[in-house]
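Take a look at the structure below.
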Amino acid sequence: MKFIKANSYDELSRLAADIIAEQVKNKPDSILGLATGSSPLGTYANLIKDYEEGKLDFSSVTTVNLDEYVGLTGDNDQSYRYFMNTNLFSKINVPMDKTNVPNGCAEDLEKEGKRYDELIDSLGGIDIQLLGIGLDGHIGFNEPEDVFTGPTHAVTLDQSTIDANARFFESIDDVPRKAITMGMKAIMQAKKVLLIANGANKKEILEKSLYGPITPFVPASILQLHPDVTVIYSEN
Ligand code: F6R
């Protein structure tokens, strides 16, 4: 595992974007695993800048996102599909039909999970998976539980996740209680993992995840078993 301590969120974001940019330059038809939340916003802003300056071409890239809230359609401004369209996809030249987010409105979520995993398999797996980390150690929306779950699956969000994500909603009651998330199989099979975290409040869970016992009660701890993980952390 490679651990990089950045001096600021801006530095973290530039470093993370450089790693993704390198991936796209080396393999223009890369499969990029992407995340939502506040952590990747700066990374995406840098990728957009690189694209605008003509340094990056996303025309052959395919993206697969980690997760989506259950019950929110893509045109709902709280959905992760909307987040990705607004904060990245509409601002670069990735073909929209090559961007993938699990469908949180699927009638049968189990079937949707299977479809999503088959899609990832048919693409040959993920080349680089970008991850944030929740205060409870979740990656994607794989919340602490007594087993690591492999397939893409529906989850009930932990109260700490609902509390943390309430900042994006008008009221905490509006935060969906359920989500569909890529499971540990696709994440662990990604050729590279890039985990970004910022803020003093993430320090403790990051240390537990990277240096503590490997346990599904700290979902990110599974990354200790991945052969190619880069972690970028900034305290500010
Ligand atoms: C988002 C995701 C989550 C977030 C995590 C951290 O797609 O899968 O695991 O990465 O909740 O969120 P932020 O970055 O908002 O602190």
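Chain labels run A, B, ... following the order of the structure tokens; each chain numbers its residues from 1, and ligands are numbered from 1 in the order shown.
Of all the residues in stretch 80-226 of chain A, the ones DSSP labels as strand (DSSP E) from the backbone are Thr99, Asn100, Ile128, Gln129, Leu130, Leu131, His153, Ala154, Val155, Thr156, Lys178, Ala179, Ile180, Thr181, Lys192, Val193, Leu194, Leu195, Ile196, Ala197 and Asn198 of chain A.
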May I have a table of the residues of chain A lying at most 9 Å from ligand 1, giving each one's closest pair of atoms and their distance in Å to one decimal, counting only C-alpha atoms and all ligand atoms, ordered by chain and ascending residue number, as a tab-separated table?
residue	atom	partner	partner_atom_place_in_ligand_line	distance
A:Leu34	CA	ligand 1	7 (O)	7.3
A:Ala35	CA	ligand 1	7 (O)	3.8
A:Thr36	CA	ligand 1	7 (O)	3.7
A:Gly37	CA	ligand 1	15 (O)	3.5
A:Ser38	CA	ligand 1	15 (O)	3.9
A:Ser39	CA	ligand 1	14 (O)	3.6
A:Pro40	CA	ligand 1	14 (O)	6.4
A:Leu41	CA	ligand 1	14 (O)	8.3
A:Asn65	CA	ligand 1	7 (O)	7.1
A:Leu66	CA	ligand 1	7 (O)	5.4
A:Asp67	CA	ligand 1	7 (O)	5.5
A:Glu68	CA	ligand 1	7 (O)	7.5
A:Tyr80	CA	ligand 1	7 (O)	7.3
A:Leu130	CA	ligand 1	10 (O)	8.6
A:Leu131	CA	ligand 1	10 (O)	5.5
A:Gly132	CA	ligand 1	10 (O)	3.3
A:Ile133	CA	ligand 1	6 (C)	4.4
A:Gly134	CA	ligand 1	11 (O)	4.1
A:Leu135	CA	ligand 1	11 (O)	7.3
A:Asp136	CA	ligand 1	11 (O)	8.8
A:Gly137	CA	ligand 1	9 (O)	8.3
A:His138	CA	ligand 1	9 (O)	5.6
A:Ile139	CA	ligand 1	9 (O)	4.2
A:Gly140	CA	ligand 1	8 (O)	3.1
A:Phe141	CA	ligand 1	9 (O)	5.3
A:Asn142	CA	ligand 1	9 (O)	7.6
A:Glu143	CA	ligand 1	9 (O)	8.9
A:Thr161	CA	ligand 1	11 (O)	6.8
A:Ala164	CA	ligand 1	15 (O)	7.7
A:Asn165	CA	ligand 1	15 (O)	7.1
A:Thr181	CA	ligand 1	8 (O)	7.6
A:Met182	CA	ligand 1	8 (O)	8.7
A:Leu195	CA	ligand 1	10 (O)	8.8
A:Ile196	CA	ligand 1	14 (O)	8.1
A:Ala197	CA	ligand 1	14 (O)	7.1
A:Asn198	CA	ligand 1	16 (O)	7.8
A:Gly199	CA	ligand 1	16 (O)	8.8
A:Lys202	CA	ligand 1	16 (O)	8.3
Legend entry - Members of stretch 19-192 of chain A assigned helix (DSSP H, G or I) by DSSP, as a ChimeraX atom specification: /A:19-26,41-52,80-87,89-91,96-98,109-122,159-168,172-174,184-189
Inset, instruction - Tell me which protein, DNA and RNA residues are within 7 Å of stretch 8-21 of chain A, counting only C-alpha atoms, leaving out same-chain ones fewer than 6 positions away, and put them as a count of residues only. - result: 10
Inset, instruction - Please provide as a ChimeraX atom specification all residues within 8 Å of A:Lys114, with the sequence filter that same-chain residues fewer than 4 positions apart are discarded (counting only C-alpha atoms). - result: /A:110,118,151-152
Legend entry - Nearest candidate to A:Ile162 (options A:Ser59, A:Gly113, A:Lys178, A:Phe148; using only C-alpha atoms):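 Nearest to A:Ile162: A:Lys178.
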Legend entry - Counting only C-alpha atoms, the residue of A:Ala220, A:Ile48, A:Ala154, A:Leu225 that sits nearest A:Asn87: A:Ile48
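Between atom CA of A:Ser122 and atom CA of A:Gly183 the interatomic distance comes to 16.4 Å.
Counting only C-alpha atoms, the residue from A:Gln224, A:Ala45, A:Ala190, A:Val218 that sits nearest to A:Asp127 is A:Ala190.
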Inset, instruction - Identify, on the basis of only C-alpha atoms, every residue whose closest approach to stretch 90-102 of chain A does not exceed 7 Å; exclude the query and any residue fewer than 4 positions from it along the same chain; express the result as number ranges by chain. - result: A: 48, 51, 57-59, 61-65, 67-68, 81, 85-86, 116, 180
Inset, instruction - Name the closest residue to A:Tyr44 among the candidates A:Leu109, A:Met84, A:Leu123, A:Met188; distances are taken between atoms, counting only C-alpha atoms. - result: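 Distance minimum relative to A:Tyr44 lands on A:Met84.
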Legend entry - Distance criterion (only C-alpha atoms): nearest to A:Lys192 out of A:Leu88, A:Val70, A:Val229, A:Met1: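 Looking at the shortest contact to A:Lys192, the residue is A:Val229.
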Inset, instruction - Measuring atom to atom with only C-alpha atoms, identify which of A:Cys105, A:Ile214, A:Ala179, A:Ile205 is nearest to A:Tyr69. - result: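 Of A:Cys105, A:Ile214, A:Ala179, A:Ile205, the one nearest A:Tyr69, counting only C-alpha atoms, is A:Ala179.
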Inset, instruction - To one decimal in Å, tell me the separation between atom CA of A:Ile128 and atom CA of A:Ser30. - result: 8.1 Å
